[in-house]
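Colleague: What follows is start-v2.cif, mmCIF, C-alpha atoms.
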```cif
data_data
loop_
_atom_site.label_atom_id
_atom_site.label_comp_id
_atom_site.auth_asym_id
_atom_site.auth_seq_id
_atom_site.Cartn_x
_atom_site.Cartn_y
_atom_site.Cartn_z
CA MET B 30 -5.70 42.67 -7.62
CA ASP B 31 -8.28 40.92 -5.41
CA SER B 32 -10.33 39.78 -8.39
CA TRP B 33 -7.19 38.34 -10.00
CA ILE B 34 -6.38 36.39 -6.82
CA ARG B 35 -9.94 35.05 -6.64
CA SER B 36 -9.85 33.98 -10.28
CA LEU B 37 -6.53 32.22 -9.73
CA ALA B 38 -7.90 30.47 -6.64
CA ARG B 39 -10.96 29.26 -8.59
CA VAL B 40 -8.87 27.88 -11.45
CA LEU B 41 -6.39 26.25 -9.07
CA LEU B 42 -9.14 24.67 -6.99
CA THR B 43 -10.81 23.22 -10.09
CA LEU B 44 -7.53 21.74 -11.30
CA LEU B 45 -6.78 20.35 -7.85
CA GLY B 46 -10.19 18.69 -7.80
CA LEU B 47 -9.33 16.78 -10.95
CA VAL B 48 -5.90 15.89 -9.57
CA LEU B 49 -7.49 14.61 -6.35
CA TRP B 50 -9.58 12.18 -8.36
CA GLY B 51 -6.46 10.87 -10.08
CA ALA B 52 -4.66 10.67 -6.75
CA ALA B 53 -7.60 8.72 -5.31
CA ALA B 54 -7.09 6.04 -7.97
CA ALA B 55 -3.35 5.86 -7.22
CA LEU B 56 -3.92 5.64 -3.46
CA ALA B 57 -6.63 2.99 -3.88
CA PHE B 58 -4.24 0.97 -6.05
CA GLY B 59 -1.49 1.25 -3.44
CA GLY B 60 -3.81 0.27 -0.59
CA ALA B 61 -5.19 -2.70 -2.54
CA PHE B 62 -1.63 -3.78 -3.37
CA VAL B 63 -0.73 -3.74 0.34
CA ILE B 64 -3.80 -5.83 1.19
CA LEU B 65 -3.10 -8.34 -1.59
CA THR B 66 0.55 -8.63 -0.53
CA TYR B 67 -0.56 -9.62 2.95
CA LYS B 68 -3.24 -12.05 1.72
CA ASN B 69 -0.93 -13.76 -0.79
CA TYR B 70 1.91 -14.20 1.71
CA ARG B 71 0.07 -14.16 5.03
CA TRP B 72 1.88 -17.32 6.19
CA PHE B 73 5.09 -15.30 6.41
CA PHE B 74 3.63 -12.51 8.56
CA GLN B 75 3.15 -13.16 12.26
CA ASN B 76 0.50 -10.46 12.64
CA CYS B 77 -2.07 -8.71 10.46
CA PHE B 78 -0.89 -5.14 11.14
CA LEU B 79 0.10 -4.82 7.47
CA LEU B 80 -3.62 -4.67 6.63
CA LEU B 81 -4.06 -1.47 8.64
CA PRO B 82 -2.22 0.97 6.31
CA GLY B 83 -3.82 -0.79 3.34
CA TRP B 84 -7.41 -0.35 4.52
CA LEU B 85 -6.74 3.20 5.73
CA ALA B 86 -5.34 4.06 2.30
CA VAL B 87 -8.47 2.63 0.62
CA ALA B 88 -10.70 4.62 3.01
CA ALA B 89 -8.77 7.82 2.24
CA ALA B 90 -9.09 7.11 -1.50
CA PHE B 91 -12.89 6.88 -1.19
CA LEU B 92 -13.03 10.16 0.73
CA LEU B 93 -10.97 11.82 -1.98
CA LEU B 94 -13.81 11.31 -4.47
CA PRO B 95 -16.32 13.66 -2.77
CA ALA B 96 -13.46 16.01 -1.88
CA GLY B 97 -12.52 16.28 -5.55
CA ALA B 98 -16.16 16.83 -6.52
CA LEU B 99 -16.47 19.64 -3.97
CA ALA B 100 -13.24 21.23 -5.18
CA ILE B 101 -14.64 21.31 -8.72
CA GLY B 102 -18.07 22.55 -7.66
CA ILE B 103 -17.03 25.29 -5.21
CA PRO B 104 -15.68 27.77 -7.84
CA ALA B 105 -18.93 27.49 -9.81
CA ARG B 106 -21.47 27.66 -6.98
CA ASN B 107 -19.46 29.44 -4.28
CA SER B 108 -21.57 27.75 -1.62
CA ARG B 109 -20.70 28.29 2.01
CA TYR B 110 -21.90 24.80 2.92
CA GLN B 111 -19.70 23.22 0.28
CA GLN B 112 -16.68 25.28 1.33
CA GLY B 113 -17.11 24.30 4.98
CA THR B 114 -17.67 20.63 4.15
CA PHE B 115 -14.60 20.66 1.94
CA MET B 116 -12.46 22.03 4.75
CA TYR B 117 -13.70 19.35 7.16
CA LEU B 118 -12.97 16.64 4.58
CA LEU B 119 -9.45 17.96 4.11
CA VAL B 120 -8.81 17.76 7.85
CA VAL B 121 -10.09 14.17 8.02
CA LEU B 122 -8.07 13.22 4.95
CA PHE B 123 -4.93 14.80 6.33
CA CYS B 124 -5.27 12.78 9.56
CA LEU B 125 -5.85 9.55 7.62
CA GLU B 126 -2.94 10.15 5.26
CA ALA B 127 -0.60 11.07 8.12
CA SER B 128 -1.48 7.79 9.85
CA VAL B 129 -0.99 5.78 6.65
CA ALA B 130 2.33 7.47 5.89
CA MET B 131 3.64 6.84 9.41
CA LEU B 132 2.63 3.16 9.36
CA ALA B 133 3.97 2.66 5.82
CA HIS B 134 7.29 4.20 6.83
CA ILE B 135 7.78 2.33 10.11
CA TYR B 136 6.27 -1.10 9.42
CA PRO B 137 8.65 -2.48 6.72
CA ASP B 138 11.75 -1.77 8.81
CA ARG B 139 10.31 -3.74 11.71
CA MET B 140 9.37 -6.65 9.47
CA GLY B 141 12.92 -7.72 8.61
CA SER B 142 13.64 -9.96 11.59
CA GLU B 143 10.05 -11.26 11.65
CA LEU B 144 10.16 -12.32 8.00
CA THR B 145 13.58 -13.94 8.44
CA GLY B 146 12.41 -16.07 11.37
CA THR B 147 9.02 -17.04 9.92
CA MET B 148 10.31 -17.79 6.44
CA GLY B 149 13.25 -19.81 7.77
CA HIS B 150 10.89 -21.87 9.92
CA LEU B 151 8.47 -22.64 7.07
CA PHE B 152 11.22 -23.47 4.59
CA HIS B 153 12.93 -25.73 7.14
CA GLN B 154 9.67 -27.66 7.73
CA TYR B 155 8.90 -28.02 4.04
CA ASN B 156 8.33 -31.64 3.00
CA GLY B 157 7.51 -32.43 -0.61
CA THR B 158 5.59 -35.57 0.37
CA HIS B 159 2.86 -33.38 1.91
CA SER B 160 2.50 -30.82 -0.85
CA HIS B 161 -1.14 -30.13 0.07
CA HIS B 162 -0.26 -28.88 3.52
CA PRO B 163 -0.98 -25.11 3.76
CA SER B 164 2.57 -24.22 4.83
CA ASN B 165 4.04 -26.24 1.94
CA ARG B 166 1.65 -24.57 -0.50
CA ALA B 167 2.76 -21.21 0.88
CA VAL B 168 6.41 -22.05 0.16
CA ASP B 169 5.64 -23.28 -3.36
CA THR B 170 3.44 -20.25 -4.03
CA ILE B 171 6.02 -17.67 -3.01
CA GLN B 172 8.75 -19.40 -5.04
CA LYS B 173 6.58 -19.51 -8.17
CA GLN B 174 5.12 -16.02 -7.88
CA LEU B 175 8.29 -14.21 -6.88
CA GLN B 176 10.55 -16.45 -8.99
CA CYS B 177 12.86 -17.22 -6.10
CA CYS B 178 14.34 -20.30 -4.45
CA GLY B 179 15.13 -20.80 -0.77
CA VAL B 180 15.34 -18.13 1.89
CA TYR B 181 18.60 -16.63 0.62
CA ASN B 182 19.28 -18.85 -2.44
CA TYR B 183 18.73 -22.42 -3.65
CA SER B 184 21.55 -23.74 -1.43
CA ASP B 185 19.25 -23.31 1.59
CA TRP B 186 17.51 -26.54 0.56
CA VAL B 187 20.61 -28.56 1.45
CA LYS B 188 19.41 -28.75 5.06
CA ALA B 189 15.72 -29.09 4.21
CA ALA B 190 13.76 -32.25 4.95
CA LEU B 191 13.00 -33.18 1.35
CA PRO B 192 11.97 -36.77 0.67
CA ALA B 193 14.74 -39.32 0.10
CA SER B 194 13.30 -40.32 -3.29
CA CYS B 195 14.20 -36.86 -4.53
CA HIS B 196 17.87 -37.40 -3.72
CA LEU B 197 17.93 -40.92 -5.21
CA GLN B 198 16.26 -39.81 -8.40
CA ALA B 199 18.53 -36.84 -8.95
CA ARG B 200 21.57 -38.64 -7.43
CA SER B 201 22.46 -35.34 -5.80
CA MET B 202 20.88 -32.62 -3.77
CA CYS B 203 17.63 -31.33 -5.26
CA VAL B 204 15.18 -28.54 -4.65
CA PRO B 205 11.38 -28.33 -5.00
CA GLU B 206 9.97 -28.07 -8.50
CA SER B 207 8.66 -24.60 -7.66
CA CYS B 208 12.27 -23.43 -7.85
CA CYS B 209 12.47 -24.36 -11.53
CA LYS B 210 12.30 -21.68 -14.19
CA GLU B 211 10.69 -24.19 -16.54
CA THR B 212 9.20 -27.36 -15.09
CA LEU B 213 9.26 -29.26 -18.39
CA HIS B 214 12.96 -30.24 -18.38
CA CYS B 215 13.83 -29.38 -14.79
CA SER B 216 14.35 -32.10 -12.16
CA GLY B 217 15.37 -29.74 -9.37
CA ASP B 218 18.99 -30.90 -9.42
CA VAL B 219 21.26 -28.26 -7.86
CA ASN B 220 24.01 -29.30 -10.28
CA GLN B 221 21.83 -27.79 -13.00
CA SER B 222 21.59 -24.43 -11.28
CA ALA B 223 20.96 -22.59 -14.55
CA GLN B 224 17.45 -24.07 -14.51
CA LEU B 225 16.74 -22.73 -11.02
CA PHE B 226 15.79 -19.32 -9.71
CA GLN B 227 18.92 -17.75 -8.27
CA GLU B 228 17.61 -15.13 -5.83
CA GLY B 229 16.24 -15.90 -2.39
CA CYS B 230 12.62 -15.36 -1.42
CA LEU B 231 13.46 -13.19 1.60
CA LYS B 232 15.08 -10.55 -0.58
CA LYS B 233 12.23 -10.65 -3.11
CA LEU B 234 9.46 -10.38 -0.49
CA ASN B 235 11.30 -7.60 1.35
CA TYR B 236 11.67 -5.72 -1.93
CA ARG B 237 7.95 -6.05 -2.72
CA LEU B 238 6.99 -5.00 0.80
CA HIS B 239 9.24 -1.92 0.68
CA PHE B 240 8.09 -1.01 -2.82
CA VAL B 241 4.38 -1.06 -2.04
CA THR B 242 4.70 0.70 1.33
CA HIS B 243 6.98 3.39 -0.11
CA PHE B 244 4.52 3.88 -2.96
CA VAL B 245 1.71 4.45 -0.46
CA PHE B 246 3.93 6.72 1.65
CA TRP B 247 4.80 9.01 -1.26
CA CYS B 248 1.18 9.06 -2.44
CA CYS B 249 0.18 10.35 0.99
CA ALA B 250 3.03 12.87 1.07
CA VAL B 251 2.13 14.32 -2.34
CA LEU B 252 -1.57 14.35 -1.46
CA ALA B 253 -0.85 16.28 1.73
CA CYS B 254 0.89 19.01 -0.29
CA LEU B 255 -1.97 19.15 -2.80
CA GLN B 256 -4.52 19.39 -0.02
CA VAL B 257 -2.65 22.29 1.54
CA LEU B 258 -2.89 24.15 -1.79
CA ALA B 259 -6.59 23.27 -2.02
CA ALA B 260 -7.20 24.53 1.52
CA ILE B 261 -5.41 27.80 0.75
CA SER B 262 -7.42 28.29 -2.45
CA ASN B 263 -10.66 27.52 -0.66
CA GLY B 264 -9.68 29.85 2.18
CA ILE B 265 -9.11 32.71 -0.29
CA LEU B 266 -12.61 32.23 -1.69
CA MET B 267 -14.09 32.06 1.80
CA LYS B 268 -12.22 35.20 2.84
CA HIS B 269 -13.72 37.26 0.03
CA ARG B 270 -17.19 36.14 0.98
CA PRO B 271 -17.29 36.48 4.77
CA PHE B 272 -20.13 35.32 6.96
CA GLN B 273 -22.68 37.92 7.89
CA ASP B 274 -21.91 39.47 11.25
CA LEU B 275 -24.00 38.13 14.10
CA ARG B 276 -25.49 40.94 16.19
CA ILE B 277 -27.01 40.80 19.64
CA LEU B 278 -30.64 41.77 19.48
CA ASP B 279 -31.23 45.10 21.10
CA SER B 280 -34.36 45.25 23.25
CA ALA B 281 -34.91 48.83 22.02
CA VAL B 282 -35.76 47.44 18.59
CA PHE B 283 -38.86 45.73 19.99
CA SER B 284 -39.93 48.54 22.31
#
```
Represent the structure contained in this file as C-alpha cells.

Modeller:
Amino acid sequence: MDSWIRSLARVLLTLLGLVLWGAAAALAFGGAFVILTYKNYRWFFQNCFLLLPGWLAVAAAFLLLPAGALAIGIPARNSRYQQGTFMYLLVVLFCLEASVAMLAHIYPDRMGSELTGTMGHLFHQYNGTHSHHPSNRAVDTIQKQLQCCGVYNYSDWVKAALPASCHLQARSMCVPESCCKETLHCSGDVNQSAQLFQEGCLKKLNYRLHFVTHFVFWCCAVLACLQVLAAISNGILMKHRPFQDLRILDSAVFS
C-alpha cells in the first residue's frame, strides 16, 4: 500500500511540474496584460497601484519555472535538498499569489469612481485644435483602440469644447474623427451615427480592467490549489524518507 502511494505521489508531482510551467505562461501573460493596460491608458488612472498586481504576477510566474523543474526532478532523484527547496518555493509562491489575488479582486471595484472623474475631465478638456497635446492623444487613442466614443456614448461630445470650424463644416454637432468606424467617408457628424462607435469608453475600459484582473485572480486561485496538491505529494515522498535522527554524543563513547 505504501509503495502504491509513493508511486502515485511521484507521478502526480511530475504531472504537476508540467502544469506549473503552463500556469507560469498564463500568469505571465495576465501580469503583462495588466501592465500594458496601465501603460496604454495611464492618463485615466490617478495612481500607479495597478502596476503592483501586474509585476507581482510576473515575479510569481518566473518563480514557477524553477518550482516546476524541481517538481519534475524530485521523483527521479529523491533529493532532500530539492524537496526542501521546493517546499520553500511553494510557500513564497503562495504568499505572492495571495497578494496578487487580493489586489486583483479589490482594485477594479475601487477604480469605478476614479475612472469616471478622470475620464470625464479629460474628455471635457479635449480640443481638436491641439491634437498633439498628450491628454488629447490619450482621448483619441482610447477611442480608436477600444472602438468607443465619449465617456458614456457619442452624445457626450455635445458639451465638449470642439473647435467651431467642426460645427460649421458639418452644420451640426460633430465628434472627433477617432470616433469614426471608418475615417474615409466619416465627417464626425452625429446625424450620421451609424458611422460612429456607439459604446462609451468608460464601459469599455472598465470591462477590460475587470477582465484582466479577474483572469489574474483565477490564475492565482487555480495555482494555489495545484500547489497544495504538489506540497502534499512532496510531503508523502519526504515522509517515506525521513531525516536521520540526531543523537546527543555520549561522553562514554570517547572514554

Colleague: At a cut-off of 12 Å, using all atoms listed in the file, what residues contact Phe240 in chain B? Leave out same-chain residues fewer than 6 positions from it and give the result as a list in words.

Modeller: Gly59, Phe62, Val63, Thr66, Ala133, His134, Pro137, Lys233, Leu234, Phe246 and Trp247 of chain B

Colleague: Near Gln172 in chain B, counting only C-alpha atoms, which residues have an atom at most 7 Å away, once you skip same-chain residues fewer than 6 positions from it, shown as a PyMOL selection string?

Modeller: chain B and resi 178+207-208+230

Colleague: Which one is closest to Cys254 in chain B: B:Gly217, B:Ala127, B:Ser108, B:Leu80? Count only C-alpha atoms.

Modeller: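 Smallest distance to Cys254 in chain B is found for B:Ala127.
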
Colleague: Counting only C-alpha atoms, what is within 12 Å of Arg71 in chain B, bar same-chain residues fewer than 3 positions away, as a PDB file with C-alpha atoms, keeping the file's coordinate frame?

Modeller:
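Okay, part35.pdb is ready:
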```
ATOM      1  CA  VAL B  63      -0.730  -3.740   0.340  1.00  0.00           C
ATOM      2  CA  ILE B  64      -3.800  -5.830   1.190  1.00  0.00           C
ATOM      3  CA  LEU B  65      -3.100  -8.340  -1.590  1.00  0.00           C
ATOM      4  CA  THR B  66       0.550  -8.630  -0.530  1.00  0.00           C
ATOM      5  CA  TYR B  67      -0.560  -9.620   2.950  1.00  0.00           C
ATOM      6  CA  LYS B  68      -3.240 -12.050   1.720  1.00  0.00           C
ATOM      7  CA  PHE B  74       3.630 -12.510   8.560  1.00  0.00           C
ATOM      8  CA  GLN B  75       3.150 -13.160  12.260  1.00  0.00           C
ATOM      9  CA  ASN B  76       0.500 -10.460  12.640  1.00  0.00           C
ATOM     10  CA  CYS B  77      -2.070  -8.710  10.460  1.00  0.00           C
ATOM     11  CA  PHE B  78      -0.890  -5.140  11.140  1.00  0.00           C
ATOM     12  CA  LEU B  79       0.100  -4.820   7.470  1.00  0.00           C
ATOM     13  CA  LEU B  80      -3.620  -4.670   6.630  1.00  0.00           C
ATOM     14  CA  LEU B 144      10.160 -12.320   8.000  1.00  0.00           C
ATOM     15  CA  THR B 147       9.020 -17.040   9.920  1.00  0.00           C
ATOM     16  CA  MET B 148      10.310 -17.790   6.440  1.00  0.00           C
ATOM     17  CA  PRO B 163      -0.980 -25.110   3.760  1.00  0.00           C
ATOM     18  CA  SER B 164       2.570 -24.220   4.830  1.00  0.00           C
ATOM     19  CA  ARG B 166       1.650 -24.570  -0.500  1.00  0.00           C
ATOM     20  CA  ALA B 167       2.760 -21.210   0.880  1.00  0.00           C
ATOM     21  CA  VAL B 168       6.410 -22.050   0.160  1.00  0.00           C
ATOM     22  CA  THR B 170       3.440 -20.250  -4.030  1.00  0.00           C
ATOM     23  CA  ILE B 171       6.020 -17.670  -3.010  1.00  0.00           C
ATOM     24  CA  LEU B 234       9.460 -10.380  -0.490  1.00  0.00           C
TER      25      LEU B 234
END
```

Colleague: Taking the file as I've supplied it (selection: the PyMOL selection byres ((chain B and resi 204) around 7)), which residues are included? Please answer as a list in words.

Modeller: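 Expected selection for the PyMOL selection byres ((chain B and resi 204) around 7) here is Trp186, Cys203, Pro205, Glu206, Cys208, Gly217, Asp218 and Val219 of chain B.
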
Colleague: Determine, counting only C-alpha atoms, which protein, DNA and RNA residues have an atom within 12 Å of an atom of Gly113 in chain B; residues of the same chain fewer than 6 positions away are not included. Present the result as a list in words.

Modeller: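 Final neighbour list, sorted by chain and number: Ala96, Leu99, Ala100, Ile103, Asn107, Leu119, Val120, Ala260, Asn263, Gly264, Leu266, Met267 and Phe272 of chain B.
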
Colleague: What's the 9 Å shell around Phe123 in chain B, counting all atoms listed in the file, without same-chain residues fewer than 5 positions away, as a ChimeraX atom specification?

Modeller: /B:89,118,128,249,252-253,256

Colleague: May I ask for the distance between CA of His162 in chain B and CA of Trp72 in chain B, given in Å to one decimal place?

Modeller: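 Interatomic distance here is 12.1 Å.
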
Colleague: Just checking: using all atoms listed in the file, which residue out of B:Gly97, B:Gly46, B:Gly141, B:Gly179 ends up closest to Glu228 in chain B?

Modeller: B:Gly179
